[in-house]
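Below is one structure; the comments refer to it alone.
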Amino acid sequence: MAIAGDLALFVLAALPLMGSPGPATLSLAGMGAAHGVARSLGYAAGVNIGTIAVVLLIATGVTAVLLGIPGMKSAAMVLAGVYMLYLAWHIATAPPVSADERGSHVPSFLGGFILAIANPKAYAAIGAVYAGSLIEADQDTRAAVARVLILSAVAIAVNTTWLAFGAAIATILGDPTKARVANLIFAVLLLASVALSALA
């Protein structure tokens, strides 16, 4: 019963940390606004699988080992920044959904996966949830597996919600000019979230 209560607190801690605006969530909202939900599902799947991979890397301690290698953290941050600049440009320049039902390139599953793996906010948020968890390291394997499953489910729920939110905004705006403005706003917010994550 104590473990169940701890897991409930774990969920409550995970939701605001993982659900708050960040590079992955804002990129999903931007993709939803720029391309709609259906055309962005491959990208969203990549973000989800990549986020689950981050959960596993943190849960197993691999992240701490990798980031302990001299220069690794700086190199990862530079590569992540370059990719997210590209992604922001893609969102900002995408035609409105109504004008783009068939034409332009939508970032792929691999693009979403790369963003999730390179997302500094994911490591900070998931690491914070683990660090603040009341579930002790010496508890059984079931508790450890439960944490991974819970964080994976929270990530999928949060990411799906942001994708749908972006698509809903584009639908409500209707006007191509307003939709373009929404795309630009999502792109700027994505870059701002990257900067804030890097400074954290």
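Going by the structure tokens order, chains are called A, B, ..., each with residues numbered from 1, while ligands are numbered from 1 in the order shown.
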
Residue contacts of A:Leu191 (8 Å, only C-alpha atoms) excluding same-chain residues fewer than 4 positions away, as a PyMOL selection string | chain A and resi 23+84-85+88+187+195

Using only C-alpha atoms, which residues sit within 7 Å of stretch 141-150 of chain A once same-chain residues fewer than 2 positions away are excluded, as an mmCIF file with N, CA and C atoms, in the first residue's frame?
```cif
data_model
loop_
_atom_site.group_PDB
_atom_site.id
_atom_site.type_symbol
_atom_site.label_atom_id
_atom_site.label_comp_id
_atom_site.auth_asym_id
_atom_site.auth_seq_id
_atom_site.Cartn_x
_atom_site.Cartn_y
_atom_site.Cartn_z
ATOM 1 N N VAL A 11 3.430 10.076 -9.921
ATOM 2 C CA VAL A 11 2.649 10.572 -11.058
ATOM 3 C C VAL A 11 2.390 12.065 -10.911
ATOM 4 N N VAL A 55 13.916 7.948 -20.439
ATOM 5 C CA VAL A 55 13.504 7.388 -19.140
ATOM 6 C C VAL A 55 14.381 6.188 -18.783
ATOM 7 N N LEU A 56 14.583 5.304 -19.748
ATOM 8 C CA LEU A 56 15.393 4.102 -19.502
ATOM 9 C C LEU A 56 16.855 4.461 -19.236
ATOM 10 N N GLN A 139 14.077 -0.887 -3.084
ATOM 11 C CA GLN A 139 12.804 -1.580 -3.233
ATOM 12 C C GLN A 139 12.871 -2.514 -4.430
ATOM 13 N N SER A 152 6.663 6.543 -18.808
ATOM 14 C CA SER A 152 6.402 6.333 -20.237
ATOM 15 C C SER A 152 4.967 6.698 -20.580
ATOM 16 N N ALA A 153 4.025 6.274 -19.728
ATOM 17 C CA ALA A 153 2.607 6.582 -19.960
ATOM 18 C C ALA A 153 2.355 8.085 -19.855
ATOM 19 N N VAL A 154 2.974 8.724 -18.868
ATOM 20 C CA VAL A 154 2.819 10.181 -18.716
ATOM 21 C C VAL A 154 3.373 10.899 -19.950
#
```

Atom CA of A:Thr51 to atom CA of A:Ala122, straight-line distance in Å =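 Result for atom CA of A:Ala122 versus atom CA of A:Thr51: 7.1 Å, one decimal.
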
Taking into account only C-alpha atoms, which residue in the set A:Ala44, A:Val82, A:Ile126, A:Leu57 is nearest to A:Met31?
->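 For A:Met31, the nearest of the given residues is A:Ala44.
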
With a distance cut-off of 10 Å and only C-alpha atoms, select the neighbouring residues of A:Gly166, excluding the residue or stretch itself and same-chain residues fewer than 3 positions from it, and output the selection as a PyMOL selection string.
-> chain A and resi 25-37+161-163+169-171+182-183+186

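Here atom CA of A:Ala168 and atom CA of A:Ile91 stand 15.7 Å from one another.
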
For A:Ile114, which residue among A:Ala38, A:Leu15, A:Val158, A:Ala24 is the nearest when counting only C-alpha atoms?
->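 Between A:Ala38, A:Leu15, A:Val158, A:Ala24, the residue approaching A:Ile114 most closely is A:Ala24.
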
Which one is closest to A:Ala14: A:Leu110, A:Ala155, A:Ile172, A:Leu87? Count only C-alpha atoms.
->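 Looking only at the distances to A:Ala14, the closest residue turns out to be A:Ala155.
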
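With atom CA of A:Ala45 on one side and atom CA of A:Gly19 on the other, the separation reads 16.6 Å.
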
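Shortest separation to A:Ala164 among A:Ser40, A:Thr177, A:Thr60, A:Ser20 occurs at residue A:Ser40, atoms counted being only C-alpha atoms.
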